[in-house]
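Chemist: Provided herewith: start_0.txt, compact mmCIF, C-alpha atoms.
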```txt
# COMPACT_ATOMS: atom_id res chain seq x y z
CA LYS A 18 -0.35 22.60 2.51
CA ALA A 19 2.19 19.84 2.08
CA GLY A 20 1.99 17.82 -1.11
CA VAL A 21 2.12 14.09 -1.60
CA THR A 22 5.31 12.66 -0.14
CA GLN A 23 6.88 9.46 -1.35
CA THR A 24 9.81 7.74 0.29
CA PRO A 25 12.40 6.75 -0.56
CA ARG A 26 13.09 8.69 -3.77
CA TYR A 27 15.55 6.13 -5.09
CA LEU A 28 16.04 2.47 -4.36
CA ILE A 29 18.27 -0.27 -5.71
CA LYS A 30 17.35 -3.85 -4.98
CA THR A 31 18.54 -7.26 -6.07
CA ARG A 32 16.37 -9.67 -8.00
CA GLY A 33 14.43 -11.90 -5.62
CA GLN A 34 14.32 -9.36 -2.80
CA GLN A 35 11.23 -7.54 -1.65
CA VAL A 36 10.64 -3.82 -1.31
CA THR A 37 8.24 -1.53 0.53
CA LEU A 38 7.44 1.97 -0.72
CA SER A 39 5.65 4.61 1.29
CA CYS A 40 3.23 7.38 0.37
CA SER A 41 1.88 10.13 2.59
CA PRO A 42 -1.15 11.82 1.00
CA ILE A 43 -2.21 15.42 1.27
CA SER A 44 -3.84 16.11 4.61
CA GLY A 45 -7.54 15.35 4.41
CA HIS A 46 -7.27 13.11 1.36
CA ARG A 47 -8.56 9.62 1.93
CA SER A 48 -7.86 8.04 -1.44
CA VAL A 49 -4.41 6.88 -2.44
CA SER A 50 -3.69 5.35 -5.83
CA TRP A 51 -0.49 3.71 -7.00
CA TYR A 52 0.93 3.66 -10.53
CA GLN A 53 3.91 2.10 -12.23
CA GLN A 54 5.63 4.12 -14.93
CA THR A 55 8.03 2.54 -17.42
CA PRO A 56 9.26 3.75 -20.81
CA GLY A 57 7.69 0.75 -22.52
CA GLN A 58 4.30 0.59 -20.81
CA GLY A 59 3.76 4.17 -19.71
CA LEU A 60 1.69 4.85 -16.62
CA GLN A 61 -0.22 1.84 -15.40
CA PHE A 62 -2.68 1.69 -12.54
CA LEU A 63 -1.76 -0.67 -9.71
CA PHE A 64 -4.42 -0.19 -7.03
CA GLU A 65 -6.43 2.36 -5.12
CA TYR A 66 -7.23 2.55 -1.43
CA PHE A 67 -9.88 4.52 0.36
CA SER A 68 -10.35 4.46 4.11
CA GLU A 69 -8.05 1.46 4.51
CA THR A 70 -9.95 -0.58 1.89
CA GLN A 71 -8.73 -1.53 -1.56
CA ARG A 72 -11.42 -0.37 -3.95
CA ASN A 73 -9.76 -1.02 -7.29
CA LYS A 74 -6.95 -3.13 -8.59
CA GLY A 75 -5.08 -3.10 -11.88
CA ASN A 76 -3.73 -6.02 -13.85
CA PHE A 77 -0.59 -6.78 -11.90
CA PRO A 78 0.53 -10.10 -10.38
CA GLY A 79 -0.03 -10.90 -6.75
CA ARG A 80 3.58 -9.99 -5.98
CA PHE A 81 2.33 -6.41 -5.91
CA SER A 82 0.33 -5.57 -2.83
CA GLY A 83 -0.54 -2.56 -0.78
CA ARG A 84 -2.27 -1.31 2.27
CA GLN A 85 -3.54 1.88 3.79
CA PHE A 86 -3.40 2.93 7.39
CA SER A 87 -5.97 4.80 9.46
CA ASN A 88 -4.12 8.07 8.87
CA SER A 89 -4.47 7.47 5.08
CA ARG A 90 -0.76 6.84 4.60
CA SER A 91 -0.20 3.98 2.23
CA GLU A 92 2.49 1.45 1.49
CA MET A 93 3.00 -0.80 -1.46
CA ASN A 94 5.07 -3.95 -1.39
CA VAL A 95 6.64 -5.90 -4.19
CA SER A 96 7.91 -9.35 -3.35
CA THR A 97 10.32 -11.54 -5.28
CA LEU A 98 11.55 -8.65 -7.38
CA GLU A 99 12.17 -9.16 -11.07
CA LEU A 100 14.29 -7.07 -13.41
CA GLY A 101 11.11 -5.92 -15.13
CA ASP A 102 9.90 -4.30 -11.92
CA SER A 103 12.42 -1.52 -12.42
CA ALA A 104 10.25 1.56 -12.80
CA LEU A 105 9.12 4.83 -11.34
CA TYR A 106 6.37 4.15 -8.82
CA LEU A 107 3.99 7.02 -8.34
CA CYS A 108 1.26 7.53 -5.83
CA ALA A 109 -1.56 10.03 -6.07
CA SER A 110 -3.96 11.24 -3.45
CA SER A 111 -7.42 12.71 -3.72
CA LEU A 112 -10.44 13.31 -1.57
CA GLY A 113 -11.84 10.11 -3.01
CA GLU A 114 -15.49 10.82 -2.41
CA THR A 115 -16.47 10.71 -6.09
CA GLY A 116 -14.93 9.71 -9.40
CA PHE A 117 -14.30 13.31 -10.31
CA ASP A 118 -11.63 14.18 -7.84
CA GLU A 119 -8.47 15.87 -8.95
CA ALA A 120 -5.57 13.61 -8.05
CA PHE A 121 -2.25 15.03 -6.87
CA PHE A 122 0.88 13.04 -7.57
CA GLY A 123 4.04 12.64 -5.58
CA GLN A 124 7.53 12.78 -7.09
CA GLY A 125 7.73 9.02 -7.24
CA THR A 126 10.14 6.35 -6.08
CA ARG A 127 12.66 5.24 -8.68
CA LEU A 128 13.19 1.50 -8.17
CA THR A 129 16.05 -0.25 -9.91
CA VAL A 130 16.28 -4.03 -9.74
CA VAL A 131 19.70 -5.50 -10.53
CA GLY B 10 -8.80 -4.16 -23.54
CA GLU B 11 -9.79 -0.54 -23.08
CA SER B 12 -7.04 1.93 -23.76
CA VAL B 13 -6.21 5.55 -24.11
CA GLY B 14 -3.75 6.49 -26.80
CA LEU B 15 -2.05 9.52 -28.29
CA HIS B 16 -1.66 10.29 -31.98
CA LEU B 17 1.72 12.06 -31.83
CA PRO B 18 4.63 10.95 -29.67
CA THR B 19 6.62 14.20 -30.14
CA LEU B 20 5.50 17.71 -30.96
CA SER B 21 7.87 20.61 -31.62
CA VAL B 22 6.49 24.15 -31.62
CA GLN B 23 7.97 27.59 -31.82
CA GLU B 24 7.79 29.72 -28.70
CA GLY B 25 4.72 31.91 -28.87
CA ASP B 26 2.80 29.60 -31.18
CA ASN B 27 -0.22 27.59 -30.11
CA SER B 28 0.15 23.87 -29.40
CA ILE B 29 -2.44 21.19 -29.94
CA ILE B 30 -2.00 17.76 -28.41
CA ASN B 31 -4.47 15.08 -29.42
CA CYS B 32 -5.70 11.96 -27.72
CA ALA B 33 -8.03 9.10 -28.64
CA TYR B 34 -9.84 7.04 -26.05
CA SER B 35 -11.71 3.82 -26.51
CA ASN B 36 -13.87 3.42 -23.41
CA SER B 37 -17.25 4.97 -24.18
CA ALA B 38 -18.21 4.56 -20.52
CA SER B 39 -15.52 6.97 -19.35
CA ASP B 40 -17.02 10.09 -17.90
CA TYR B 41 -14.09 12.13 -16.70
CA PHE B 42 -10.98 13.12 -18.61
CA ILE B 43 -7.82 14.75 -17.38
CA TRP B 44 -4.71 16.22 -18.91
CA TYR B 45 -1.48 15.91 -16.98
CA LYS B 46 1.92 17.48 -17.54
CA GLN B 47 5.04 15.64 -16.45
CA GLU B 48 8.40 17.33 -16.32
CA SER B 49 11.59 15.36 -16.10
CA GLY B 50 12.13 13.89 -12.63
CA LYS B 51 8.70 14.91 -11.38
CA GLY B 52 5.33 13.30 -10.94
CA PRO B 53 2.41 14.18 -13.25
CA GLN B 54 0.86 17.56 -12.59
CA PHE B 55 -2.83 18.19 -13.16
CA ILE B 56 -3.52 20.72 -15.92
CA ILE B 57 -7.21 20.64 -16.67
CA ASP B 58 -10.12 18.25 -16.58
CA ILE B 59 -13.44 17.87 -18.31
CA ARG B 60 -16.55 15.82 -17.66
CA SER B 61 -18.40 13.94 -20.35
CA ASN B 62 -21.37 16.31 -20.18
CA MET B 63 -19.17 19.10 -21.53
CA ASP B 64 -17.55 19.72 -24.92
CA LYS B 65 -15.09 22.41 -23.98
CA ARG B 66 -13.39 23.77 -20.90
CA GLN B 67 -10.95 26.61 -20.63
CA GLY B 68 -8.25 27.34 -18.14
CA GLN B 69 -5.37 29.74 -18.05
CA ARG B 70 -3.77 29.45 -21.53
CA VAL B 71 -5.18 25.93 -21.89
CA THR B 72 -8.36 24.61 -23.45
CA VAL B 73 -9.58 21.03 -23.51
CA LEU B 74 -11.99 19.89 -26.18
CA LEU B 75 -13.96 16.67 -25.95
CA ASN B 76 -15.63 15.01 -28.92
CA LYS B 77 -17.57 12.06 -27.62
CA THR B 78 -18.81 11.10 -31.07
CA VAL B 79 -15.33 10.14 -32.23
CA LYS B 80 -13.90 9.60 -28.74
CA HIS B 81 -11.31 12.30 -29.14
CA LEU B 82 -9.75 14.67 -26.66
CA SER B 83 -7.42 17.55 -27.34
CA LEU B 84 -5.38 19.99 -25.30
CA GLN B 85 -4.69 23.42 -26.72
CA ILE B 86 -1.95 25.55 -25.20
CA ALA B 87 -1.96 29.19 -26.22
CA ALA B 88 1.26 31.15 -26.66
CA THR B 89 3.46 28.19 -25.82
CA GLN B 90 6.38 28.99 -23.54
CA PRO B 91 9.66 27.17 -22.88
CA GLY B 92 8.29 26.16 -19.48
CA ASP B 93 5.58 24.20 -21.26
CA SER B 94 8.17 21.71 -22.48
CA ALA B 95 7.21 18.39 -20.91
CA VAL B 96 5.39 15.15 -21.57
CA TYR B 97 1.63 15.51 -21.67
CA PHE B 98 -0.70 12.66 -20.82
CA CYS B 99 -4.38 12.41 -21.40
CA ALA B 100 -6.23 10.16 -19.01
CA GLU B 101 -9.69 8.84 -18.47
CA ASN B 102 -11.36 7.87 -15.27
CA ILE B 103 -13.22 4.59 -15.55
CA SER B 104 -16.75 5.10 -14.31
CA GLY B 105 -17.64 3.61 -10.96
CA GLY B 106 -16.86 6.54 -8.77
CA TYR B 107 -13.39 5.46 -7.80
CA GLN B 108 -9.97 6.66 -8.76
CA LYS B 109 -8.76 4.32 -11.47
CA VAL B 110 -7.22 6.62 -14.01
CA THR B 111 -6.04 5.11 -17.28
CA PHE B 112 -3.27 7.07 -18.94
CA GLY B 113 -2.28 7.41 -22.57
CA THR B 114 1.30 6.85 -23.66
CA GLY B 115 2.16 10.54 -23.60
CA THR B 116 3.24 13.24 -26.04
CA LYS B 117 6.51 15.07 -25.61
CA LEU B 118 6.17 18.77 -26.28
CA GLN B 119 9.35 20.57 -27.24
CA VAL B 120 9.26 24.34 -27.34
CA ILE B 121 11.81 25.94 -29.62
CA PRO B 122 12.97 29.34 -28.30
```
In structure tokens, write the structure found in this file.
Modeler:
Amino acid sequence: KAGVTQTPRYLIKTRGQQVTLSCSPISGHRSVSWYQQTPGQGLQFLFEYFSETQRNKGNFPGRFSGRQFSNSRSEMNVSTLELGDSALYLCASSLGETGFDEAFFGQGTRLTVV
Amino acid sequence: GESVGLHLPTLSVQEGDNSIINCAYSNSASDYFIWYKQESGKGPQFIIDIRSNMDKRQGQRVTVLLNKTVKHLSLQIAATQPGDSAVYFCAENISGGYQKVTFGTGTKLQVIP
């Protein structure tokens, strides 16, 4: 069974640009969550999607958005990039039916904003 | 706001010894706790979980203990091996039935051969 796939693995963008990251969950998983990981703030929850609907959102500005497609694949978008957006962005997938699901993480996308 | 934190940022143990990683959480409404292991360049990997109606859960070489009275979680690794070297995160799932895991800051475990 294939794991969670995130693309691209590495990305360098210029301040002010926008970026789109992709996440393909494990087959059969309907929940996809996104996290930002930085040395200073650790792992922080961005948002969670289930069956194309955003069910939960963390405390991030509106520049951070996401969506989920009918095949459960998800994308997150960051507009007007700032230097502080440099981070490892992780997505996790789970069955999503209850709050007790084990979540499986992808390898992450390393975003560097210059 | 609610947070999950770790007592020790770095833990060094001799190979073969037991490791204990501690975690404090502040949200009394949390009902599901998870320990993750993250190796360099990889995403977090699930180790073991425990629900709030349990005090202890054992896996292969790992045990998680939950003390709801003092809001404390610990991960015990028996016979620590070099492959256990990683950053360990405790996390809590905010009740509501949805995936909204809140992670602690992490503890780096260094295994000395």
Chemist: Which residues are close to A:Ala104, i.e. within 8 Å by all atoms listed in the file, leaving aside same-chain residues fewer than 5 positions away? Reply as a ChimeraX atom specification.
Modeler: /A:53-55,127-129
Chemist: Near chain B, which residues of chain A fall within 8 Å when you count only C-alpha atoms, and what do they look like as a VMD selection string?
Modeler: chain A and resid 48 50 58 to 62 64 to 65 72 to 73 107 113 to 125
Chemist: Edge lengths and centre in Å to one decimal, as JSON, is what I'm after for the box along x, y and z that holds all listed atoms of stretch 59-67 of chain B once 5 Å is added on each side.
Modeler:
```
{"center_x": -16.2, "center_y": 20.3, "center_z": -21.3, "size_x": 20.4, "size_y": 22.7, "size_z": 17.3}
```
Chemist: Would you mind reading off the distance between atom CA of A:Tyr52 and atom CA of A:Phe81, one decimal, in Å?
Modeler: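 Taking atom CA of A:Tyr52 as the start and atom CA of A:Phe81 as the end point, the length is 11.2 Å.
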Chemist: Env of stretch 87-97 of chain A: 7 Å cut, atoms = all atoms listed in the file, seq-sep filter 2 positions within chain, self excluded. Answer as a VMD selection string.
Modeler: chain A and resid 32 to 42 47 49 68 to 69 80 to 85 99
Chemist: Go through B:Ala38, B:Ala88, B:Asn31, B:Tyr97 one by one, measure the shortest atom-to-atom distance of each to B:Leu75 using only C-alpha atoms, and give the residue with the smallest value.
Modeler: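 Once distances to B:Leu75 are computed over only C-alpha atoms, the minimum belongs to B:Asn31.
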Chemist: Could you work out how far atom CA of B:Ser94 lies from atom CA of A:Leu28, giving the answer in Å with one decimal?
Modeler: 27.6 Å
Chemist: What does the structure give for the distance between atom CA of B:Leu74 and atom CA of A:Gly57, in Å to one decimal?
Modeler: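 Rounded to one decimal, the two atoms are 27.7 Å apart.
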Chemist: Would you mind telling me which residue in B:Cys99, B:Leu20, B:Ile29, B:Val120 lies nearest to B:Ile86 when using all atoms listed in the file?
Modeler: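 That would be B:Ile29, the residue with the smallest distance to B:Ile86.
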Chemist: Fix up stretch 63-74 of chain A with all heavy atoms, then write it as a PDB file, keeping the file's coordinate frame.
Modeler:
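Once written, rebuild10.pdb looks like this:
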```pdb
ATOM      1  N   LEU A  63      -2.004   0.515 -10.550  1.00  0.00           N
ATOM      2  CA  LEU A  63      -1.760  -0.670  -9.710  1.00  0.00           C
ATOM      3  C   LEU A  63      -2.955  -0.951  -8.812  1.00  0.00           C
ATOM      4  O   LEU A  63      -3.557  -2.014  -8.891  1.00  0.00           O
ATOM      5  CB  LEU A  63      -0.517  -0.430  -8.851  1.00  0.00           C
ATOM      6  CG  LEU A  63       0.825  -0.641  -9.547  1.00  0.00           C
ATOM      7  CD1 LEU A  63       1.928   0.124  -8.832  1.00  0.00           C
ATOM      8  CD2 LEU A  63       1.169  -2.117  -9.609  1.00  0.00           C
ATOM      9  N   PHE A  64      -3.258  -0.040  -7.912  1.00  0.00           N
ATOM     10  CA  PHE A  64      -4.420  -0.190  -7.030  1.00  0.00           C
ATOM     11  C   PHE A  64      -4.758   1.142  -6.381  1.00  0.00           C
ATOM     12  O   PHE A  64      -3.977   2.081  -6.424  1.00  0.00           O
ATOM     13  CB  PHE A  64      -4.230  -1.262  -5.952  1.00  0.00           C
ATOM     14  CG  PHE A  64      -2.807  -1.531  -5.543  1.00  0.00           C
ATOM     15  CD1 PHE A  64      -2.034  -0.556  -4.907  1.00  0.00           C
ATOM     16  CD2 PHE A  64      -2.221  -2.762  -5.804  1.00  0.00           C
ATOM     17  CE1 PHE A  64      -0.735  -0.804  -4.542  1.00  0.00           C
ATOM     18  CE2 PHE A  64      -0.910  -3.016  -5.425  1.00  0.00           C
ATOM     19  CZ  PHE A  64      -0.166  -2.053  -4.798  1.00  0.00           C
ATOM     20  N   GLU A  65      -5.939   1.155  -5.776  1.00  0.00           N
ATOM     21  CA  GLU A  65      -6.430   2.360  -5.120  1.00  0.00           C
ATOM     22  C   GLU A  65      -7.033   1.971  -3.769  1.00  0.00           C
ATOM     23  O   GLU A  65      -7.732   0.958  -3.652  1.00  0.00           O
ATOM     24  CB  GLU A  65      -7.492   3.072  -5.977  1.00  0.00           C
ATOM     25  CG  GLU A  65      -7.915   4.432  -5.421  1.00  0.00           C
ATOM     26  CD  GLU A  65      -9.304   4.440  -4.816  1.00  0.00           C
ATOM     27  OE1 GLU A  65      -9.982   3.384  -4.828  1.00  0.00           O
ATOM     28  OE2 GLU A  65      -9.728   5.507  -4.324  1.00  0.00           O
ATOM     29  N   TYR A  66      -6.710   2.773  -2.763  1.00  0.00           N
ATOM     30  CA  TYR A  66      -7.230   2.550  -1.430  1.00  0.00           C
ATOM     31  C   TYR A  66      -8.021   3.761  -0.962  1.00  0.00           C
ATOM     32  O   TYR A  66      -7.681   4.910  -1.288  1.00  0.00           O
ATOM     33  CB  TYR A  66      -6.079   2.300  -0.446  1.00  0.00           C
ATOM     34  CG  TYR A  66      -5.443   0.957  -0.625  1.00  0.00           C
ATOM     35  CD1 TYR A  66      -4.415   0.769  -1.543  1.00  0.00           C
ATOM     36  CD2 TYR A  66      -5.895  -0.145   0.090  1.00  0.00           C
ATOM     37  CE1 TYR A  66      -3.849  -0.474  -1.728  1.00  0.00           C
ATOM     38  CE2 TYR A  66      -5.332  -1.403  -0.097  1.00  0.00           C
ATOM     39  CZ  TYR A  66      -4.310  -1.563  -1.007  1.00  0.00           C
ATOM     40  OH  TYR A  66      -3.761  -2.791  -1.201  1.00  0.00           O
ATOM     41  N   PHE A  67      -9.052   3.474  -0.226  1.00  0.00           N
ATOM     42  CA  PHE A  67      -9.880   4.520   0.360  1.00  0.00           C
ATOM     43  C   PHE A  67     -10.303   4.036   1.741  1.00  0.00           C
ATOM     44  O   PHE A  67     -10.884   2.952   1.861  1.00  0.00           O
ATOM     45  CB  PHE A  67     -11.099   4.801  -0.519  1.00  0.00           C
ATOM     46  CG  PHE A  67     -12.015   5.866   0.026  1.00  0.00           C
ATOM     47  CD1 PHE A  67     -11.723   7.205  -0.177  1.00  0.00           C
ATOM     48  CD2 PHE A  67     -13.160   5.519   0.733  1.00  0.00           C
ATOM     49  CE1 PHE A  67     -12.557   8.192   0.318  1.00  0.00           C
ATOM     50  CE2 PHE A  67     -13.992   6.498   1.229  1.00  0.00           C
ATOM     51  CZ  PHE A  67     -13.700   7.836   1.023  1.00  0.00           C
ATOM     52  N   SER A  68     -10.003   4.823   2.734  1.00  0.00           N
ATOM     53  CA  SER A  68     -10.350   4.460   4.110  1.00  0.00           C
ATOM     54  C   SER A  68      -9.940   3.036   4.445  1.00  0.00           C
ATOM     55  O   SER A  68     -10.755   2.223   4.932  1.00  0.00           O
ATOM     56  CB  SER A  68     -11.863   4.641   4.354  1.00  0.00           C
ATOM     57  OG  SER A  68     -12.199   5.998   4.308  1.00  0.00           O
ATOM     58  N   GLU A  69      -8.702   2.731   4.152  1.00  0.00           N
ATOM     59  CA  GLU A  69      -8.050   1.460   4.510  1.00  0.00           C
ATOM     60  C   GLU A  69      -8.564   0.262   3.699  1.00  0.00           C
ATOM     61  O   GLU A  69      -8.178  -0.876   3.992  1.00  0.00           O
ATOM     62  CB  GLU A  69      -8.198   1.166   6.009  1.00  0.00           C
ATOM     63  CG  GLU A  69      -7.631   2.265   6.896  1.00  0.00           C
ATOM     64  CD  GLU A  69      -7.812   1.968   8.375  1.00  0.00           C
ATOM     65  OE1 GLU A  69      -7.167   1.019   8.870  1.00  0.00           O
ATOM     66  OE2 GLU A  69      -8.596   2.681   9.032  1.00  0.00           O
ATOM     67  N   THR A  70      -9.406   0.509   2.708  1.00  0.00           N
ATOM     68  CA  THR A  70      -9.950  -0.580   1.890  1.00  0.00           C
ATOM     69  C   THR A  70      -9.487  -0.441   0.445  1.00  0.00           C
ATOM     70  O   THR A  70      -9.521   0.652  -0.113  1.00  0.00           O
ATOM     71  CB  THR A  70     -11.483  -0.561   1.942  1.00  0.00           C
ATOM     72  OG1 THR A  70     -11.910  -0.717   3.296  1.00  0.00           O
ATOM     73  CG2 THR A  70     -12.063  -1.696   1.103  1.00  0.00           C
ATOM     74  N   GLN A  71      -9.094  -1.555  -0.145  1.00  0.00           N
ATOM     75  CA  GLN A  71      -8.730  -1.530  -1.560  1.00  0.00           C
ATOM     76  C   GLN A  71     -10.011  -1.526  -2.383  1.00  0.00           C
ATOM     77  O   GLN A  71     -10.793  -2.471  -2.338  1.00  0.00           O
ATOM     78  CB  GLN A  71      -7.879  -2.749  -1.920  1.00  0.00           C
ATOM     79  CG  GLN A  71      -7.362  -2.701  -3.352  1.00  0.00           C
ATOM     80  CD  GLN A  71      -6.531  -3.934  -3.701  1.00  0.00           C
ATOM     81  OE1 GLN A  71      -7.059  -4.951  -4.142  1.00  0.00           O
ATOM     82  NE2 GLN A  71      -5.242  -3.840  -3.506  1.00  0.00           N
ATOM     83  N   ARG A  72     -10.194  -0.486  -3.171  1.00  0.00           N
ATOM     84  CA  ARG A  72     -11.420  -0.370  -3.950  1.00  0.00           C
ATOM     85  C   ARG A  72     -11.232  -0.796  -5.398  1.00  0.00           C
ATOM     86  O   ARG A  72     -12.178  -1.182  -6.064  1.00  0.00           O
ATOM     87  CB  ARG A  72     -11.929   1.082  -3.953  1.00  0.00           C
ATOM     88  CG  ARG A  72     -12.367   1.591  -2.606  1.00  0.00           C
ATOM     89  CD  ARG A  72     -13.205   2.865  -2.718  1.00  0.00           C
ATOM     90  NE  ARG A  72     -12.489   3.970  -3.331  1.00  0.00           N
ATOM     91  CZ  ARG A  72     -12.950   5.217  -3.342  1.00  0.00           C
ATOM     92  NH1 ARG A  72     -14.132   5.485  -2.817  1.00  0.00           N
ATOM     93  NH2 ARG A  72     -12.266   6.190  -3.898  1.00  0.00           N
ATOM     94  N   ASN A  73     -10.027  -0.720  -5.883  1.00  0.00           N
ATOM     95  CA  ASN A  73      -9.760  -1.020  -7.290  1.00  0.00           C
ATOM     96  C   ASN A  73      -8.376  -1.624  -7.428  1.00  0.00           C
ATOM     97  O   ASN A  73      -7.454  -1.264  -6.684  1.00  0.00           O
ATOM     98  CB  ASN A  73      -9.807   0.265  -8.120  1.00  0.00           C
ATOM     99  CG  ASN A  73     -11.062   0.363  -8.963  1.00  0.00           C
ATOM    100  OD1 ASN A  73     -11.470  -0.604  -9.594  1.00  0.00           O
ATOM    101  ND2 ASN A  73     -11.666   1.526  -8.957  1.00  0.00           N
ATOM    102  N   LYS A  74      -8.240  -2.498  -8.383  1.00  0.00           N
ATOM    103  CA  LYS A  74      -6.950  -3.130  -8.590  1.00  0.00           C
ATOM    104  C   LYS A  74      -6.683  -3.241 -10.085  1.00  0.00           C
ATOM    105  O   LYS A  74      -7.582  -3.581 -10.851  1.00  0.00           O
ATOM    106  CB  LYS A  74      -6.935  -4.519  -7.942  1.00  0.00           C
ATOM    107  CG  LYS A  74      -5.563  -5.172  -7.858  1.00  0.00           C
ATOM    108  CD  LYS A  74      -5.646  -6.504  -7.125  1.00  0.00           C
ATOM    109  CE  LYS A  74      -4.257  -7.050  -6.811  1.00  0.00           C
ATOM    110  NZ  LYS A  74      -3.409  -7.204  -8.006  1.00  0.00           N
TER     111      LYS A  74
END
```
